[in-house]
>>> print(open('data14.cif').read())   # mmCIF, C-alpha atoms and all ligand atoms
data_target
#
loop_
_atom_site.label_atom_id
_atom_site.label_comp_id
_atom_site.auth_asym_id
_atom_site.auth_seq_id
_atom_site.Cartn_x
_atom_site.Cartn_y
_atom_site.Cartn_z
CA MET A 151 72.33 13.97 -118.36
CA GLN A 152 74.98 16.57 -119.08
CA MET A 153 76.86 18.21 -116.19
CA THR A 154 77.65 21.88 -116.72
CA MET A 155 78.92 24.92 -114.84
CA ARG A 156 77.86 28.50 -115.38
CA TRP A 157 80.50 30.73 -116.97
CA PHE A 158 80.12 34.50 -117.30
CA GLY A 159 82.39 34.99 -120.31
CA PRO A 160 85.91 36.31 -120.85
CA GLN A 161 85.27 39.82 -119.51
CA GLU A 162 82.92 39.01 -116.66
CA ASP A 163 84.36 35.80 -115.22
CA LYS A 164 87.80 35.51 -113.71
CA ILE A 165 87.68 31.69 -113.78
CA PRO A 166 89.41 30.42 -116.93
CA LEU A 167 87.57 27.89 -119.08
CA GLU A 168 90.59 25.61 -118.69
CA TYR A 169 89.90 25.35 -114.95
CA ILE A 170 86.26 24.46 -115.57
CA ARG A 171 87.42 21.79 -118.00
CA GLN A 172 89.51 20.27 -115.22
CA VAL A 173 86.52 19.67 -112.95
CA PRO A 174 85.84 15.94 -113.38
CA GLY A 175 82.58 15.23 -115.16
CA VAL A 176 81.88 18.75 -116.45
CA GLU A 177 81.14 18.63 -120.16
CA GLY A 178 79.86 22.09 -120.87
CA VAL A 179 79.33 25.63 -119.74
CA VAL A 180 76.13 27.58 -119.39
CA GLY A 181 76.88 30.86 -121.10
CA ALA A 182 75.42 34.26 -121.94
CA LEU A 183 76.29 37.63 -123.40
CA TYR A 184 76.42 40.29 -120.74
CA ASP A 185 76.98 43.34 -122.90
CA VAL A 186 73.63 43.19 -124.68
CA ALA A 187 70.83 45.06 -122.91
CA PRO A 188 67.59 43.16 -122.15
CA GLY A 189 65.29 43.53 -125.14
CA GLU A 190 68.01 43.82 -127.79
CA VAL A 191 68.86 41.12 -130.34
CA TRP A 192 71.95 39.05 -129.50
CA PRO A 193 74.27 39.63 -132.46
CA VAL A 194 75.49 36.64 -134.44
CA ASP A 195 79.14 37.72 -134.37
CA LYS A 196 79.20 37.94 -130.58
CA ILE A 197 77.49 34.56 -130.14
CA LYS A 198 79.93 33.02 -132.61
CA ALA A 199 82.99 34.37 -130.79
CA LEU A 200 81.72 33.07 -127.46
CA VAL A 201 80.85 29.59 -128.74
CA GLU A 202 84.16 29.24 -130.53
CA GLN A 203 86.07 30.14 -127.42
CA VAL A 204 84.14 27.57 -125.37
CA HIS A 205 84.61 24.85 -128.00
CA ALA A 206 88.33 25.60 -128.22
CA ALA A 207 88.54 24.77 -124.50
CA GLY A 208 86.94 21.36 -125.15
CA LEU A 209 83.55 22.27 -123.68
CA THR A 210 80.01 22.54 -125.05
CA MET A 211 77.70 25.55 -124.78
CA GLU A 212 74.21 24.17 -125.32
CA VAL A 213 72.49 26.12 -122.54
CA ILE A 214 72.06 29.88 -122.18
CA GLU A 215 71.29 31.52 -118.84
CA SER A 216 69.63 33.86 -119.29
CA VAL A 217 68.13 35.73 -122.18
CA ASN A 218 66.50 38.30 -119.90
CA ILE A 219 63.04 39.58 -120.63
CA HIS A 220 62.44 43.29 -121.10
CA ASP A 221 60.23 44.97 -118.47
CA ASP A 222 57.78 46.05 -121.22
CA ILE A 223 57.01 42.37 -121.93
CA LYS A 224 56.39 41.68 -118.24
CA ILE A 225 54.30 44.84 -117.81
CA GLY A 226 52.49 44.23 -121.10
CA THR A 227 52.94 47.66 -122.74
CA PRO A 228 52.17 48.28 -126.43
CA ASP A 229 55.94 48.23 -127.04
CA ARG A 230 56.19 44.60 -126.00
CA ASP A 231 55.70 43.25 -129.53
CA ARG A 232 58.89 44.89 -130.70
CA TYR A 233 60.84 43.29 -127.85
CA ILE A 234 59.18 39.93 -128.47
CA GLU A 235 60.25 40.08 -132.13
CA ASN A 236 63.81 40.77 -130.95
CA TYR A 237 63.58 37.80 -128.59
CA LYS A 238 62.52 35.55 -131.47
CA GLN A 239 65.52 36.68 -133.49
CA THR A 240 67.80 35.98 -130.54
CA ILE A 241 66.36 32.45 -130.31
CA ARG A 242 67.06 31.91 -134.01
CA ASN A 243 70.58 33.29 -133.69
CA LEU A 244 71.38 31.07 -130.73
CA ALA A 245 69.93 27.96 -132.40
CA GLY A 246 72.33 28.55 -135.30
CA PHE A 247 75.21 27.90 -132.91
CA GLY A 248 73.95 24.71 -131.31
CA VAL A 249 72.08 26.17 -128.34
CA LYS A 250 69.38 23.75 -127.16
CA VAL A 251 68.01 25.29 -123.96
CA ILE A 252 67.34 28.89 -122.92
CA CYS A 253 66.84 29.57 -119.22
CA TYR A 254 64.91 32.73 -118.32
CA ASN A 255 62.84 34.13 -115.50
CA PHE A 256 59.73 36.25 -115.26
CA MET A 257 60.37 38.13 -112.04
CA PRO A 258 59.36 41.80 -111.99
CA VAL A 259 62.06 44.40 -111.27
CA PHE A 260 64.79 42.17 -109.80
CA ASP A 261 66.23 38.79 -110.55
CA TRP A 262 66.95 36.85 -107.28
CA MET A 263 66.89 38.72 -103.99
CA LYS A 264 69.19 38.22 -101.01
CA THR A 265 69.50 40.52 -98.00
CA ASP A 266 72.99 39.47 -96.92
CA MET A 267 75.74 38.93 -99.47
CA ASN A 268 78.45 38.01 -96.96
CA TYR A 269 76.84 35.74 -94.38
CA VAL A 270 79.54 34.03 -92.32
CA LEU A 271 79.04 30.32 -91.62
CA ALA A 272 80.40 28.44 -88.57
CA ASP A 273 83.39 27.17 -90.56
CA GLY A 274 84.35 30.70 -91.66
CA SER A 275 83.13 30.33 -95.24
CA LEU A 276 80.98 33.08 -96.79
CA THR A 277 77.60 32.67 -98.36
CA MET A 278 74.43 34.59 -99.26
CA ALA A 279 71.35 34.75 -97.04
CA PHE A 280 67.82 36.07 -96.96
CA GLU A 281 66.50 37.29 -93.65
CA LYS A 282 63.25 39.11 -93.19
CA HIS A 283 64.69 41.78 -90.94
CA GLY A 284 66.55 42.68 -94.13
CA ILE A 285 63.32 43.08 -96.00
CA ASP A 286 62.11 45.52 -93.32
CA LYS A 287 64.70 47.87 -94.72
CA THR A 288 63.64 50.30 -97.41
CA LEU A 289 63.76 49.23 -101.00
CA GLU A 290 66.73 51.48 -101.67
CA GLU A 291 68.63 50.03 -98.70
CA VAL A 292 68.13 46.47 -99.88
CA VAL A 293 69.16 47.33 -103.44
CA LYS A 294 72.24 49.08 -102.07
CA GLU A 295 73.21 46.03 -99.96
CA VAL A 296 73.23 43.83 -103.06
CA LEU A 297 74.95 46.31 -105.37
CA ASP A 298 77.59 47.38 -102.83
CA ASN A 299 78.53 43.80 -102.04
CA SER A 300 78.81 42.26 -105.47
CA ASN A 301 82.62 42.48 -105.25
CA GLY A 302 82.80 44.68 -108.31
CA PHE A 303 80.95 42.24 -110.60
CA ALA A 304 77.92 43.15 -112.68
CA LEU A 305 75.07 40.94 -111.52
CA PRO A 306 72.66 39.82 -114.25
CA GLY A 307 69.18 41.18 -113.57
CA TRP A 308 70.68 43.84 -111.30
CA GLU A 309 71.73 46.39 -113.89
CA PRO A 310 72.66 49.47 -111.76
CA GLU A 311 71.37 51.87 -114.43
CA ARG A 312 67.95 50.17 -114.36
CA LEU A 313 67.79 49.93 -110.58
CA ALA A 314 68.91 53.52 -110.09
CA LYS A 315 65.30 54.26 -110.96
CA VAL A 316 63.87 51.49 -108.83
CA GLN A 317 60.91 53.53 -107.53
CA GLU A 318 59.99 54.51 -111.08
CA LEU A 319 60.19 50.87 -112.11
CA PHE A 320 57.87 49.94 -109.24
CA THR A 321 55.40 52.56 -110.42
CA ARG A 322 55.43 51.05 -113.90
CA TYR A 323 54.47 47.68 -112.38
CA SER A 324 51.74 49.18 -110.16
CA GLY A 325 48.81 47.92 -112.27
CA VAL A 326 50.32 44.47 -112.73
CA ASP A 327 48.96 41.85 -110.33
CA ASP A 328 49.52 38.08 -110.49
CA VAL A 329 46.71 37.64 -113.03
CA ARG A 330 48.11 40.29 -115.39
CA LEU A 331 51.69 39.11 -115.02
CA ARG A 332 50.62 35.55 -115.81
CA GLU A 333 48.66 36.72 -118.87
CA ASN A 334 51.73 38.61 -120.05
CA LEU A 335 53.88 35.50 -119.61
CA PHE A 336 51.41 33.38 -121.58
CA TYR A 337 51.19 36.01 -124.32
CA PHE A 338 54.99 35.92 -124.61
CA LEU A 339 55.04 32.10 -124.68
CA ARG A 340 52.34 31.85 -127.33
CA GLU A 341 54.46 34.11 -129.52
CA ILE A 342 57.87 32.51 -129.05
CA ILE A 343 57.23 28.77 -128.62
CA PRO A 344 56.41 28.19 -132.33
CA VAL A 345 59.80 29.72 -133.19
CA CYS A 346 61.49 27.45 -130.64
CA GLU A 347 59.79 24.41 -132.17
CA GLU A 348 60.91 25.44 -135.62
CA VAL A 349 64.60 25.82 -134.65
CA GLY A 350 64.87 23.09 -131.97
CA VAL A 351 65.28 25.22 -128.85
CA LYS A 352 63.61 24.55 -125.50
CA MET A 353 62.64 27.36 -123.14
CA ALA A 354 63.14 26.69 -119.42
CA ILE A 355 61.63 29.10 -116.92
CA HIS A 356 63.46 29.58 -113.61
CA PRO A 357 61.39 29.74 -110.41
CA ASP A 358 61.09 33.01 -108.52
CA ASP A 359 63.74 33.55 -105.88
CA PRO A 360 62.29 33.80 -103.27
CA PRO A 361 59.08 32.04 -104.41
CA TYR A 362 56.68 34.47 -102.75
CA SER A 363 55.84 38.14 -103.09
CA ILE A 364 58.38 40.68 -101.86
CA PHE A 365 57.77 44.43 -101.67
CA GLY A 366 54.24 43.75 -102.90
CA LEU A 367 55.42 42.62 -106.34
CA PRO A 368 53.44 39.97 -108.25
CA ARG A 369 54.89 36.45 -108.52
CA VAL A 370 53.82 33.69 -110.92
CA VAL A 371 56.52 30.97 -110.70
CA LYS A 372 56.21 30.03 -107.05
CA ASN A 373 55.05 26.45 -106.75
CA HIS A 374 53.89 23.20 -108.35
CA ALA A 375 50.55 24.67 -109.48
CA ASP A 376 52.20 27.70 -111.13
CA LEU A 377 54.68 25.51 -113.00
CA ALA A 378 51.89 23.20 -114.19
CA MET A 379 49.82 26.15 -115.37
CA ILE A 380 52.78 27.50 -117.34
CA CYS A 381 53.49 24.14 -118.97
CA ASP A 382 49.81 23.73 -119.87
CA ALA A 383 49.46 27.27 -121.25
CA VAL A 384 51.36 26.24 -124.38
CA ASP A 385 51.40 22.49 -124.55
CA SER A 386 54.74 21.85 -126.21
CA PRO A 387 57.99 20.17 -125.13
CA ALA A 388 59.65 23.47 -126.09
CA ASN A 389 57.81 25.13 -123.21
CA GLY A 390 59.54 23.78 -120.12
CA ILE A 391 61.23 24.62 -116.86
CA THR A 392 64.51 25.04 -115.04
CA LEU A 393 64.03 23.53 -111.63
CA CYS A 394 66.20 25.38 -109.14
CA THR A 395 66.05 23.30 -105.97
CA GLY A 396 67.38 26.12 -103.80
CA SER A 397 64.85 28.68 -105.00
CA ILE A 398 61.77 26.45 -104.88
CA ALA A 399 62.69 25.10 -101.41
CA GLU A 400 62.78 28.61 -99.95
CA ASP A 401 59.06 28.10 -99.41
CA PRO A 402 58.85 25.10 -97.03
CA ASP A 403 55.37 24.30 -98.37
CA ASN A 404 56.89 23.31 -101.71
CA ASN A 405 57.69 19.61 -102.09
CA VAL A 406 60.87 19.76 -104.16
CA TYR A 407 61.06 16.01 -104.72
CA GLU A 408 57.51 15.74 -106.06
CA ILE A 409 57.98 18.75 -108.32
CA LEU A 410 61.21 17.31 -109.74
CA ALA A 411 59.61 13.90 -110.28
CA ASP A 412 56.46 15.28 -111.89
CA PHE A 413 58.09 17.56 -114.46
CA THR A 414 60.84 15.07 -115.26
CA ARG A 415 58.13 12.51 -116.00
CA ARG A 416 56.29 15.03 -118.18
CA LYS A 417 59.56 15.63 -120.12
CA ARG A 418 59.36 19.33 -119.30
CA LEU A 419 62.36 19.58 -117.00
CA HIS A 420 65.14 20.68 -119.33
CA PHE A 421 67.62 22.13 -116.88
CA ALA A 422 68.26 21.49 -113.18
CA HIS A 423 70.00 23.87 -110.75
CA VAL A 424 70.90 21.69 -107.82
CA ARG A 425 71.88 23.33 -104.57
CA ASN A 426 71.05 23.14 -100.89
CA ILE A 427 69.75 25.78 -98.51
CA LYS A 428 69.37 25.85 -94.74
CA LEU A 429 66.07 27.21 -93.53
CA ILE A 430 66.68 29.04 -90.27
CA LYS A 431 63.25 30.23 -89.14
CA ASP A 432 60.12 31.82 -90.66
CA LYS A 433 61.45 31.26 -94.18
CA ASP A 434 64.78 32.93 -93.42
CA PHE A 435 67.57 30.89 -94.95
CA TYR A 436 71.18 30.80 -96.05
CA GLU A 437 72.74 28.99 -99.00
CA SER A 438 74.63 26.04 -97.53
CA ALA A 439 77.27 23.67 -98.87
CA HIS A 440 75.71 21.15 -101.28
CA PRO A 441 75.74 17.93 -99.13
CA SER A 442 72.50 16.95 -97.35
CA GLN A 443 73.94 17.22 -93.85
CA TYR A 444 74.54 20.97 -94.19
CA GLY A 445 71.15 22.09 -95.41
CA SER A 446 67.43 21.41 -95.30
CA LEU A 447 67.28 19.34 -98.49
CA ASP A 448 67.93 15.62 -98.87
CA MET A 449 70.18 15.72 -101.89
CA TYR A 450 69.99 11.96 -102.40
CA ARG A 451 66.22 12.30 -102.83
CA VAL A 452 66.74 15.25 -105.18
CA MET A 453 69.01 13.23 -107.46
CA GLN A 454 66.81 10.16 -107.09
CA ALA A 455 63.74 12.10 -108.26
CA LEU A 456 65.65 13.05 -111.41
CA HIS A 457 67.26 9.68 -111.95
CA ASP A 458 64.27 7.44 -111.35
CA ASN A 459 62.06 9.46 -113.68
CA GLY A 460 64.47 9.40 -116.60
CA PHE A 461 66.05 12.88 -116.42
CA ASP A 462 67.93 13.51 -119.63
CA GLY A 463 68.59 17.26 -119.51
CA TYR A 464 71.32 19.61 -118.41
CA ILE A 465 72.30 20.04 -114.78
CA ARG A 466 74.56 22.35 -112.85
CA PRO A 467 75.48 23.00 -109.25
CA ASP A 468 74.15 26.38 -108.21
CA HIS A 469 75.58 28.99 -105.90
CA GLY A 470 78.62 27.97 -103.91
CA ARG A 471 80.15 29.47 -100.78
CA PHE A 472 83.49 31.22 -100.76
CA ILE A 473 86.05 28.83 -99.26
CA TRP A 474 89.85 28.47 -99.18
CA GLY A 475 90.35 32.22 -99.44
CA GLU A 476 88.71 32.53 -102.84
CA GLU A 477 87.04 35.83 -103.71
CA GLY A 478 84.92 36.86 -106.66
CA ARG A 479 81.40 36.99 -108.00
CA PRO A 480 78.94 36.19 -105.18
CA GLY A 481 77.75 32.58 -105.49
CA TYR A 482 80.04 31.77 -108.38
CA GLY A 483 83.47 30.87 -107.03
CA LEU A 484 85.17 27.83 -108.53
CA TYR A 485 86.01 25.71 -105.49
CA ASP A 486 82.70 25.16 -103.77
CA ARG A 487 80.82 24.68 -107.02
CA ALA A 488 83.43 22.09 -108.11
CA LEU A 489 82.86 20.24 -104.85
CA GLY A 490 79.14 20.38 -105.65
CA VAL A 491 79.71 18.81 -109.08
CA THR A 492 81.72 15.96 -107.62
CA TYR A 493 79.14 15.30 -104.93
CA LEU A 494 76.19 15.33 -107.34
CA LEU A 495 77.99 13.02 -109.78
CA GLY A 496 78.81 10.69 -106.88
CA LEU A 497 75.14 10.46 -105.95
CA TRP A 498 74.25 9.88 -109.60
CA GLU A 499 76.78 7.05 -110.00
CA ALA A 500 75.41 5.35 -106.90
CA LEU A 501 71.87 5.62 -108.29
CA GLU A 502 72.96 4.25 -111.66
CA LYS A 503 74.74 1.26 -110.16
CA LYS A 504 71.90 0.47 -107.81
CA THR A 505 69.53 0.01 -110.73
CA GLN A 506 71.90 -1.97 -112.95
C1 LIG A 601 70.48 32.18 -110.67
C2 LIG A 601 69.38 33.09 -111.17
O1 LIG A 601 72.43 33.20 -110.00
C3 LIG A 601 71.28 32.92 -109.70
O2 LIG A 601 70.74 33.24 -108.67
O3 LIG A 601 69.99 30.99 -110.19
O4 LIG A 601 69.80 34.39 -111.14
C4 LIG A 601 69.05 32.69 -112.55
O5 LIG A 601 70.20 32.81 -113.34
C5 LIG A 601 67.98 33.50 -113.21
O6 LIG A 601 66.93 33.75 -112.36
C6 LIG A 601 67.49 32.75 -114.43
O7 LIG A 601 66.90 33.63 -115.29
MN MN A 602 68.99 28.82 -109.80
#
>>> encode(input="data14.cif", output="structure tokens")
Amino acid sequence: MQMTMRWFGPQEDKIPLEYIRQVPGVEGVVGALYDVAPGEVWPVDKIKALVEQVHAAGLTMEVIESVNIHDDIKIGTPDRDRYIENYKQTIRNLAGFGVKVICYNFMPVFDWMKTDMNYVLADGSLTMAFEKHGIDKTLEEVVKEVLDNSNGFALPGWEPERLAKVQELFTRYSGVDDVRLRENLFYFLREIIPVCEEVGVKMAIHPDDPPYSIFGLPRVVKNHADLAMICDAVDSPANGITLCTGSIAEDPDNNVYEILADFTRRKRLHFAHVRNIKLIKDKDFYESAHPSQYGSLDMYRVMQALHDNGFDGYIRPDHGRFIWGEEGRPGYGLYDRALGVTYLLGLWEALEKKTQ
């Protein structure tokens, strides 16, 4: 297992690599280029500069999150083949610099969705939340809530220029139901997985956040059955998943522990996002501190499901709260995520010693 933290690069992240290096147990960062539009090839010179900077700080960069998928691939337009060819080239370029895992998602229109970016917890810390009265707002109001409260940071998957035309984007997806979206995902996988096998890269799909339909959009990465169908669609170790405990647990019908155990056993779980959420009522939730006592997940069981089934991939804490006066990119402050790392590694050490 390799512990990592996400880092948004020299322009987009105000946390220096040196600070990440000082978090005990963190060996690498999960990186990405943020100045390349979805659908374009990631240029070799930019990848090289990023990797060299990370290595110079004594860290690895073997995981990318995310190489985002162009809407034409998700919609399945005739233009998709051009974007898929670009994606293949990006995979090759990344493999040339030691990248082993690429995290991506297949959510139409938006990446994750939250309705409250500054939810205040009892201890005064700030977190993100999803409440259905928020979803009663109009589409434009919800988009505005997220964009206005991102503290000046560009949020991946929330490109303002793309979402300025959100209604138009919805219209483009109007003929795409779950069946079509799934077919388009499988088409994409059948094209790219052979390239991944050739260059030694593993794809790892991130679950939908939230894992059910919002605003009538189709959803195909919601639960155990969806993940199994995706893995079976192209039966290769290069076709795997990122299990985000927070996202998948937003639907209380999902058994996070069983899902973790099953895909770890199948050797398809390449990347784990481990965080806790607190379900409030009717699927409303907020993102809590990592330890079990603050949320709805038993984090010991989460780590046990990975450990006892031989997890050997990359792991990172996921969104943290804002504590100790820190400000910055929502979900990605240093302090609370560092506490998450320490806690998860503590659980892991206990599991290791118990079985020795
Ligand atoms: C992440 C996702 O920051 C987050 O919410 O867990 O946005 C994740 O990076 C993407 O969905 C993966 O493609
Ligand atoms: Mn996640």
>>> residues_around(input="data14.cif", residues="region 375-385 of chain A", least_positions_apart="5", cutoff="9 Å", atoms="all atoms listed in the file", output="list in words")
Arg332, Leu335, Phe336, Leu339, Arg340, Ile343, Ile355, Pro357, Val370, Gly390, Ile391, Ile409, Phe413 and Arg418 of chain A
>>> residues_near_ligand(input="data14.cif", ligand="ligand MN 602 (chain A)", cutoff="9 Å", atoms="all atoms listed in the file", output="number ranges by chain")
A: 262, 356-357, 359, 392-397, 422-425, 467-469
>>> residues_near_ligand(input="data14.cif", ligand="ligand LIG 601 (chain A)", cutoff="6 Å", atoms="all atoms listed in the file", output="mmCIF file with C-alpha atoms, in the frame of the given file")
data_model
loop_
_atom_site.group_PDB
_atom_site.id
_atom_site.type_symbol
_atom_site.label_atom_id
_atom_site.label_comp_id
_atom_site.auth_asym_id
_atom_site.auth_seq_id
_atom_site.Cartn_x
_atom_site.Cartn_y
_atom_site.Cartn_z
ATOM 1 C CA GLU A 215 71.290 31.520 -118.840
ATOM 2 C CA SER A 216 69.630 33.860 -119.290
ATOM 3 C CA CYS A 253 66.840 29.570 -119.220
ATOM 4 C CA TYR A 254 64.910 32.730 -118.320
ATOM 5 C CA ASN A 255 62.840 34.130 -115.500
ATOM 6 C CA ASP A 261 66.230 38.790 -110.550
ATOM 7 C CA TRP A 262 66.950 36.850 -107.280
ATOM 8 C CA HIS A 356 63.460 29.580 -113.610
#
>>> closest_atom_pairs(input="data14.cif", of="region 298-328 of chain A", to="region 226-240 of chain A", cutoff="12 Å", atoms="all atoms listed in the file", output="JSON lines")
{"residue": "A:Arg322", "atom": "CA", "partner": "A:Thr227", "partner_atom": "CA", "distance": 9.8}
{"residue": "A:Tyr323", "atom": "CA", "partner": "A:Gly226", "partner_atom": "CA", "distance": 9.6}
{"residue": "A:Gly325", "atom": "CA", "partner": "A:Gly226", "partner_atom": "CA", "distance": 10.3}
{"residue": "A:Val326", "atom": "CA", "partner": "A:Gly226", "partner_atom": "CA", "distance": 8.7}
{"residue": "A:Asp327", "atom": "CA", "partner": "A:Gly226", "partner_atom": "CA", "distance": 11.6}
>>> residues_around(input="data14.cif", residues="Asn334 (chain A)", least_positions_apart="5", cutoff="8 Å", atoms="all atoms listed in the file", output="list of chain:residue names")
A:Ile223, A:Lys224, A:Ile225, A:Gly226
>>> write_last_selection(input="data14.cif", atoms="C-alpha atoms", output="JSON list (two decimals), in the frame of the given file")
[["chain", "number", "residue", "atom", "x", "y", "z"],
["A", 223, "ILE", "CA", 57.01, 42.37, -121.93],
["A", 224, "LYS", "CA", 56.39, 41.68, -118.24],
["A", 225, "ILE", "CA", 54.30, 44.84, -117.81],
["A", 226, "GLY", "CA", 52.49, 44.23, -121.10]]
>>> closest_residue(input="data14.cif", among="A:Gly478, A:Gly159, A:Pro402, A:Gly178", to="Val213 (chain A)", atoms="all atoms listed in the file")
A:Gly178
>>> closest_residue(input="data14.cif", among="A:Ala411, A:Ile219, A:Leu484, A:Leu489", to="Ala187 (chain A)", atoms="only C-alpha atoms")
A:Ile219
>>> atom_distance(input="data14.cif", atom1="CA of Val345 (chain A)", atom2="CA of Glu190 (chain A)")
17.2 Å
